[in-house]
Structures are given as C-alpha cells and as structure tokens.
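Novice: Please find coords_23.pdb (PDB, C-alpha atoms) on the next line:
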ATOM      1  CA  MET F   1      58.826 -27.457 -88.932
ATOM      2  CA  ILE F   2      56.194 -29.400 -86.989
ATOM      3  CA  ILE F   3      56.645 -32.692 -85.154
ATOM      4  CA  GLN F   4      54.039 -35.381 -84.723
ATOM      5  CA  LEU F   5      53.814 -37.492 -81.579
ATOM      6  CA  LYS F   6      51.812 -40.558 -82.579
ATOM      7  CA  GLY F   7      51.549 -44.307 -82.260
ATOM      8  CA  LYS F   8      50.365 -45.925 -79.028
ATOM      9  CA  VAL F   9      48.851 -42.742 -77.644
ATOM     10  CA  LYS F  10      45.238 -41.841 -76.958
ATOM     11  CA  PHE F  11      45.678 -38.325 -78.306
ATOM     12  CA  PRO F  12      48.205 -37.873 -81.137
ATOM     13  CA  LEU F  13      49.837 -34.446 -80.976
ATOM     14  CA  THR F  14      51.198 -32.062 -83.559
ATOM     15  CA  LEU F  15      53.927 -29.977 -81.944
ATOM     16  CA  ASP F  16      55.085 -26.624 -83.293
ATOM     17  CA  PRO F  17      58.470 -25.647 -81.796
ATOM     18  CA  SER F  18      58.326 -22.222 -83.464
ATOM     19  CA  VAL F  19      55.844 -20.977 -80.839
ATOM     20  CA  TRP F  20      57.627 -22.377 -77.777
ATOM     21  CA  ILE F  21      59.832 -19.278 -77.489
ATOM     22  CA  PHE F  22      56.797 -17.552 -75.913
ATOM     23  CA  ASP F  23      55.923 -20.477 -73.630
ATOM     24  CA  ASP F  24      56.563 -20.184 -69.880
ATOM     25  CA  ARG F  25      57.584 -23.851 -69.689
ATOM     26  CA  LYS F  26      60.770 -23.325 -71.695
ATOM     27  CA  ILE F  27      64.097 -23.589 -69.863
ATOM     28  CA  ILE F  28      67.371 -21.889 -70.664
ATOM     29  CA  PHE F  29      69.596 -24.570 -72.173
ATOM     30  CA  GLU F  30      72.476 -24.178 -69.722
ATOM     31  CA  GLU F  31      70.153 -24.299 -66.712
ATOM     32  CA  ALA F  32      68.446 -27.520 -67.824
ATOM     33  CA  PHE F  33      71.471 -29.657 -66.999
ATOM     34  CA  GLU F  34      72.554 -27.961 -63.783
ATOM     35  CA  ASP F  35      72.460 -29.868 -60.527
ATOM     36  CA  ARG F  36      69.295 -31.942 -60.897
ATOM     37  CA  GLN F  37      69.327 -32.774 -57.196
ATOM     38  CA  LYS F  38      68.633 -29.149 -56.356
ATOM     39  CA  ASN F  39      65.706 -29.258 -58.764
ATOM     40  CA  ASP F  40      64.336 -32.423 -57.170
ATOM     41  CA  GLU F  41      64.267 -30.803 -53.724
ATOM     42  CA  SER F  42      62.282 -27.827 -54.945
ATOM     43  CA  GLU F  43      60.006 -30.002 -57.068
ATOM     44  CA  ASN F  44      57.543 -30.594 -54.231
ATOM     45  CA  GLU F  45      57.194 -26.863 -53.653
ATOM     46  CA  ASP F  46      56.724 -26.305 -57.373
ATOM     47  CA  LEU F  47      54.084 -29.028 -57.555
ATOM     48  CA  GLU F  48      52.143 -27.464 -54.709
ATOM     49  CA  LYS F  49      52.269 -24.052 -56.385
ATOM     50  CA  ALA F  50      51.287 -25.543 -59.744
ATOM     51  CA  ALA F  51      48.357 -27.392 -58.178
ATOM     52  CA  GLU F  52      47.141 -24.206 -56.533
ATOM     53  CA  LEU F  53      47.434 -22.250 -59.791
ATOM     54  CA  PHE F  54      45.713 -25.056 -61.672
ATOM     55  CA  ASN F  55      42.784 -25.054 -59.253
ATOM     56  CA  GLN F  56      42.486 -21.280 -59.482
ATOM     57  CA  GLU F  57      42.492 -21.452 -63.268
ATOM     58  CA  ILE F  58      39.881 -24.204 -63.401
ATOM     59  CA  TYR F  59      37.488 -22.514 -61.027
ATOM     60  CA  SER F  60      37.914 -19.007 -62.379
ATOM     61  CA  GLN F  61      37.702 -19.645 -66.104
ATOM     62  CA  LYS F  62      36.429 -23.211 -66.510
ATOM     63  CA  LYS F  63      38.959 -23.555 -69.343
ATOM     64  CA  ILE F  64      42.473 -24.894 -69.463
ATOM     65  CA  LYS F  65      44.900 -22.837 -71.507
ATOM     66  CA  PRO F  66      48.590 -23.550 -72.077
ATOM     67  CA  PRO F  67      50.896 -21.303 -70.088
ATOM     68  CA  VAL F  68      51.948 -18.487 -72.383
ATOM     69  CA  ASN F  69      53.921 -15.395 -71.453
ATOM     70  CA  ARG F  70      51.985 -12.252 -70.775
ATOM     71  CA  SER F  71      52.912  -9.447 -73.132
ATOM     72  CA  ILE F  72      56.650  -8.979 -72.942
ATOM     73  CA  ASN F  73      58.511  -5.729 -72.688
ATOM     74  CA  GLN F  74      61.507  -4.713 -74.799
ATOM     75  CA  TYR F  75      64.059  -5.869 -72.203
ATOM     76  CA  GLU F  76      62.473  -9.320 -71.946
ATOM     77  CA  ARG F  77      62.284  -9.597 -75.734
ATOM     78  CA  LYS F  78      66.010  -8.834 -76.008
ATOM     79  CA  LYS F  79      66.779 -11.390 -73.307
ATOM     80  CA  ILE F  80      64.736 -14.048 -75.124
ATOM     81  CA  LEU F  81      66.733 -13.487 -78.307
ATOM     82  CA  GLU F  82      70.062 -13.974 -76.514
ATOM     83  CA  ASN F  83      69.456 -17.439 -75.041
ATOM     84  CA  SER F  84      69.150 -21.019 -76.222
ATOM     85  CA  TYR F  85      66.171 -22.979 -74.911
ATOM     86  CA  VAL F  86      64.876 -26.473 -74.285
ATOM     87  CA  MET F  87      61.336 -27.664 -73.640
ATOM     88  CA  PRO F  88      60.653 -30.543 -71.222
ATOM     89  CA  ILE F  89      58.922 -33.379 -73.075
ATOM     90  CA  GLU F  90      57.077 -34.691 -70.017
ATOM     91  CA  GLU F  91      54.175 -32.223 -70.427
ATOM     92  CA  PHE F  92      53.457 -33.414 -73.956
ATOM     93  CA  MET F  93      53.641 -37.080 -72.953
ATOM     94  CA  LYS F  94      51.004 -36.471 -70.277
ATOM     95  CA  ILE F  95      48.703 -34.739 -72.747
ATOM     96  CA  ALA F  96      49.116 -37.493 -75.357
ATOM     97  CA  VAL F  97      48.355 -40.220 -72.741
ATOM     98  CA  ILE F  98      50.764 -43.014 -73.607
ATOM     99  CA  GLU F  99      49.152 -46.471 -73.659
ATOM    100  CA  GLU F 100      50.211 -48.847 -70.876
ATOM    101  CA  ASP F 101      51.743 -51.458 -73.183
ATOM    102  CA  ALA F 102      53.981 -48.911 -74.940
ATOM    103  CA  SER F 103      57.648 -49.371 -74.092
ATOM    104  CA  ARG F 104      59.690 -47.540 -76.690
ATOM    105  CA  ALA F 105      59.788 -44.445 -78.836
ATOM    106  CA  VAL F 106      61.086 -44.325 -82.381
ATOM    107  CA  LEU F 107      62.584 -40.957 -83.213
ATOM    108  CA  LYS F 108      62.270 -40.379 -86.958
ATOM    109  CA  THR F 109      65.207 -38.285 -88.107
ATOM    110  CA  ASP F 110      66.813 -37.230 -91.376
ATOM    111  CA  GLY F 111      69.142 -40.217 -91.041
ATOM    112  CA  ASP F 112      68.594 -43.478 -89.220
ATOM    113  CA  ASP F 113      65.723 -43.875 -86.793
ATOM    114  CA  VAL F 114      66.718 -43.799 -83.126
ATOM    115  CA  ILE F 115      64.961 -46.067 -80.623
ATOM    116  CA  ILE F 116      64.772 -45.127 -76.939
ATOM    117  CA  THR F 117      62.519 -46.155 -74.060
ATOM    118  CA  THR F 118      59.395 -44.159 -73.249
ATOM    119  CA  GLU F 119      60.954 -43.413 -69.832
ATOM    120  CA  GLN F 120      64.005 -41.892 -71.516
ATOM    121  CA  LEU F 121      61.762 -39.843 -73.765
ATOM    122  CA  GLU F 122      59.610 -38.602 -70.908
ATOM    123  CA  SER F 123      62.614 -37.281 -68.975
ATOM    124  CA  SER F 124      64.218 -35.661 -72.026
ATOM    125  CA  TYR F 125      64.295 -32.155 -73.455
ATOM    126  CA  PHE F 126      63.591 -30.764 -76.913
ATOM    127  CA  HIS F 127      66.262 -28.197 -77.828
ATOM    128  CA  PHE F 128      64.344 -25.860 -80.103
ATOM    129  CA  ALA F 129      66.096 -22.474 -80.099
ATOM    130  CA  ILE F 130      69.678 -21.272 -80.378
ATOM    131  CA  ASP F 131      70.225 -17.593 -79.578
ATOM    132  CA  GLY F 132      66.467 -17.089 -79.618
ATOM    133  CA  LYS F 133      66.082 -18.464 -83.155
ATOM    134  CA  GLN F 134      64.603 -21.714 -84.411
ATOM    135  CA  ILE F 135      66.982 -24.543 -85.158
ATOM    136  CA  LYS F 136      66.989 -24.880 -88.930
ATOM    137  CA  GLU F 137      70.150 -26.899 -89.522
ATOM    138  CA  ASP F 138      69.570 -30.463 -88.320
ATOM    139  CA  GLY F 139      66.243 -29.297 -86.867
ATOM    140  CA  PRO F 140      63.505 -28.612 -86.062
ATOM    141  CA  ILE F 141      64.586 -30.052 -82.693
ATOM    142  CA  HIS F 142      67.467 -31.825 -81.034
ATOM    143  CA  LEU F 143      66.737 -34.301 -78.258
ATOM    144  CA  TYR F 144      68.766 -34.273 -75.038
ATOM    145  CA  PHE F 145      68.340 -36.854 -72.301
ATOM    146  CA  GLY F 146      67.367 -35.350 -68.957
ATOM    147  CA  ASP F 147      70.506 -36.657 -67.252
ATOM    148  CA  GLY F 148      72.690 -34.836 -69.796
ATOM    149  CA  SER F 149      74.403 -38.057 -70.871
ATOM    150  CA  ASN F 150      74.201 -37.064 -74.544
ATOM    151  CA  LYS F 151      74.902 -33.365 -74.013
ATOM    152  CA  ASP F 152      77.880 -33.517 -76.367
ATOM    153  CA  LYS F 153      76.071 -35.631 -78.962
ATOM    154  CA  PRO F 154      72.304 -34.925 -79.064
ATOM    155  CA  ILE F 155      69.870 -36.705 -81.326
ATOM    156  CA  LYS F 156      69.471 -34.194 -84.152
ATOM    157  CA  GLY F 157      66.909 -33.683 -86.876
ATOM    158  CA  VAL F 158      63.960 -35.237 -85.045
ATOM    159  CA  LYS F 159      60.946 -34.931 -87.356
ATOM    160  CA  ASN F 160      58.427 -37.322 -85.781
ATOM    161  CA  ILE F 161      58.066 -39.497 -82.702
ATOM    162  CA  VAL F 162      56.257 -42.820 -82.870
ATOM    163  CA  ILE F 163      55.385 -44.535 -79.591
ATOM    164  CA  GLU F 164      55.415 -48.339 -79.862
TER     165      GLU F 164
END
Kindly return the structure encoded in the file as structure tokens.

Specialist:
Amino acid sequence: MIIQLKGKVKFPLTLDPSVWIFDDRKIIFEEAFEDRQKNDESENEDLEKAAELFNQEIYSQKKIKPPVNRSINQYERKKILENSYVMPIEEFMKIAVIEEDASRAVLKTDGDDVIITTEQLESSYFHFAIDGKQIKEDGPIHLYFGDGSNKDKPIKGVKNIVIE
C-alpha cells in the first residue's frame, strides 16, 4: 500500500498513505473543494504563521520533523474515524525537488496509465481515507485535481507516480 514518487526528481520518495490519518496536513474531503477563493485570501496569513513555526522549530531543535498530531484523546479519535480525508500533494513535490525540465507526471494505475502535467499534480489531492479507513478497493489512493474538476470521476488505483 505504498506509492513511489520517482523519475525526474532529486529525491525519490516512498509514500505510505496508511500513516497520513495522524498527519496534521490532512484535510477533510468535503472541505478540500470548498470555496478556494476564501482559502487563497487566508493563505498569506497561513504562510506567515507557518514561517514563524518553522523558524521556531529550526532554532529550538535543529531538526525538521513532519507535522504529526500530538497524542489524541478519545473524542478526537472518534472524529477521525468518521471522516474522509485528502492529503495535498504539493508538500511531497517540494520535498522530492522536481527537475526543471520535467513537464508531466505518469500516474501508474491498475488499468491504463494516466498522464497529467506536473502543475496539475502539484495542485492535486490524494484521497487516502474513507470514514477514517484506508482505501482498499481501487486504492491505495485516488487523485483529485485541486479545482475539483474530476470530483465525480477521480483517478483511482494510483500505485506509482513517475515524473518525466
């Protein structure tokens, strides 16, 4: 149930969607496609807060750790198991460092390969959990474009991503 991000990248990644349920970066599925304009306006504030937190983390611990939930209480655990979640792909693309001449991404699925641009990939979401559980049928992830244009017909069964 792991996904490899490889090809024209400086740092190939092996992604494990089974642990994302505990990651602070996850977004509730329904909220991911709400009014994106509202999100854009608050993005600057979020970036400033993230930069401040990043600087605090760097100077205090001299280590970078992925954002993971603190220990969760019983109420939060129940809430997690009731929702479906997506993970923004942009974070992983930044970590992998896509080469400048790369222009497309090949999504290796159970069926035919799907080719999209790297820009489309970067603004997309990995749908990894339904009702708090991993996607097993047509999984491990489904890919949704950030604009929601394929909300009714996601790219299912993505097993690997090759940047070309």

Novice: Once the PyMOL selection byres ((chain F and resi 131) around 10) has been applied to the shown file, what residues remain in the selection, as a PDB file with C-alpha atoms, keeping the file's coordinate frame?

Specialist:
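Here's the written file part_33.pdb:
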ATOM      1  CA  LYS F  79      66.779 -11.390 -73.307  1.00  0.00           C
ATOM      2  CA  ILE F  80      64.736 -14.048 -75.124  1.00  0.00           C
ATOM      3  CA  LEU F  81      66.733 -13.487 -78.307  1.00  0.00           C
ATOM      4  CA  GLU F  82      70.062 -13.974 -76.514  1.00  0.00           C
ATOM      5  CA  ASN F  83      69.456 -17.439 -75.041  1.00  0.00           C
ATOM      6  CA  SER F  84      69.150 -21.019 -76.222  1.00  0.00           C
ATOM      7  CA  TYR F  85      66.171 -22.979 -74.911  1.00  0.00           C
ATOM      8  CA  ALA F 129      66.096 -22.474 -80.099  1.00  0.00           C
ATOM      9  CA  ILE F 130      69.678 -21.272 -80.378  1.00  0.00           C
ATOM     10  CA  GLY F 132      66.467 -17.089 -79.618  1.00  0.00           C
ATOM     11  CA  LYS F 133      66.082 -18.464 -83.155  1.00  0.00           C
ATOM     12  CA  GLN F 134      64.603 -21.714 -84.411  1.00  0.00           C
ATOM     13  CA  ILE F 135      66.982 -24.543 -85.158  1.00  0.00           C
TER      14      ILE F 135
END

Novice: Which residue out of F:Ala96, F:Ile21, F:Ile141, F:Val106 has the minimum interatomic distance to F:Glu164 when only C-alpha atoms are used?

Specialist: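 Counting only C-alpha atoms, the residue closest to F:Glu164 is F:Val106.
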
Novice: Atom CA of F:Lys108 to atom CA of F:Val162: how many Å, to one decimal?

Specialist: 7.7 Å

Novice: Once the PyMOL selection byres ((chain F and resi 142) around 7) has been evaluated on this model, what residues remain selected, and can you format them as number ranges by chain?

Specialist: F: 126-128, 139, 141, 143-144, 154-158

Novice: Enumerate, as a PDB file with C-alpha atoms, in the coordinates of the input, the residues matched when the PyMOL selection byres ((chain F and resi 122-124) around 12) is run on the file above.

Specialist:
ATOM      1  CA  ALA F  32      68.446 -27.520 -67.824  1.00  0.00           C
ATOM      2  CA  PHE F  33      71.471 -29.657 -66.999  1.00  0.00           C
ATOM      3  CA  ARG F  36      69.295 -31.942 -60.897  1.00  0.00           C
ATOM      4  CA  VAL F  86      64.876 -26.473 -74.285  1.00  0.00           C
ATOM      5  CA  MET F  87      61.336 -27.664 -73.640  1.00  0.00           C
ATOM      6  CA  PRO F  88      60.653 -30.543 -71.222  1.00  0.00           C
ATOM      7  CA  ILE F  89      58.922 -33.379 -73.075  1.00  0.00           C
ATOM      8  CA  GLU F  90      57.077 -34.691 -70.017  1.00  0.00           C
ATOM      9  CA  GLU F  91      54.175 -32.223 -70.427  1.00  0.00           C
ATOM     10  CA  PHE F  92      53.457 -33.414 -73.956  1.00  0.00           C
ATOM     11  CA  MET F  93      53.641 -37.080 -72.953  1.00  0.00           C
ATOM     12  CA  LYS F  94      51.004 -36.471 -70.277  1.00  0.00           C
ATOM     13  CA  ILE F  95      48.703 -34.739 -72.747  1.00  0.00           C
ATOM     14  CA  ALA F  96      49.116 -37.493 -75.357  1.00  0.00           C
ATOM     15  CA  VAL F  97      48.355 -40.220 -72.741  1.00  0.00           C
ATOM     16  CA  ILE F  98      50.764 -43.014 -73.607  1.00  0.00           C
ATOM     17  CA  SER F 103      57.648 -49.371 -74.092  1.00  0.00           C
ATOM     18  CA  ARG F 104      59.690 -47.540 -76.690  1.00  0.00           C
ATOM     19  CA  ALA F 105      59.788 -44.445 -78.836  1.00  0.00           C
ATOM     20  CA  ILE F 116      64.772 -45.127 -76.939  1.00  0.00           C
ATOM     21  CA  THR F 117      62.519 -46.155 -74.060  1.00  0.00           C
ATOM     22  CA  THR F 118      59.395 -44.159 -73.249  1.00  0.00           C
ATOM     23  CA  GLU F 119      60.954 -43.413 -69.832  1.00  0.00           C
ATOM     24  CA  GLN F 120      64.005 -41.892 -71.516  1.00  0.00           C
ATOM     25  CA  LEU F 121      61.762 -39.843 -73.765  1.00  0.00           C
ATOM     26  CA  TYR F 125      64.295 -32.155 -73.455  1.00  0.00           C
ATOM     27  CA  PHE F 126      63.591 -30.764 -76.913  1.00  0.00           C
ATOM     28  CA  HIS F 127      66.262 -28.197 -77.828  1.00  0.00           C
ATOM     29  CA  HIS F 142      67.467 -31.825 -81.034  1.00  0.00           C
ATOM     30  CA  LEU F 143      66.737 -34.301 -78.258  1.00  0.00           C
ATOM     31  CA  TYR F 144      68.766 -34.273 -75.038  1.00  0.00           C
ATOM     32  CA  PHE F 145      68.340 -36.854 -72.301  1.00  0.00           C
ATOM     33  CA  GLY F 146      67.367 -35.350 -68.957  1.00  0.00           C
ATOM     34  CA  ASP F 147      70.506 -36.657 -67.252  1.00  0.00           C
ATOM     35  CA  GLY F 148      72.690 -34.836 -69.796  1.00  0.00           C
ATOM     36  CA  SER F 149      74.403 -38.057 -70.871  1.00  0.00           C
ATOM     37  CA  ASN F 150      74.201 -37.064 -74.544  1.00  0.00           C
ATOM     38  CA  LYS F 151      74.902 -33.365 -74.013  1.00  0.00           C
ATOM     39  CA  PRO F 154      72.304 -34.925 -79.064  1.00  0.00           C
ATOM     40  CA  ILE F 155      69.870 -36.705 -81.326  1.00  0.00           C
ATOM     41  CA  ILE F 161      58.066 -39.497 -82.702  1.00  0.00           C
ATOM     42  CA  ILE F 163      55.385 -44.535 -79.591  1.00  0.00           C
TER      43      ILE F 163
END

Novice: Quick check, in Å to one decimal: how far apart do atom CA of F:Glu31 and atom CA of F:Ile2 lie?

Specialist: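 It comes out at 25.1 Å.
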
Novice: Using Å and a single decimal, report how far atom CA of F:Asp110 sits from atom CA of F:Phe22.

Specialist: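 Between these atoms lies a distance of 27.0 Å.
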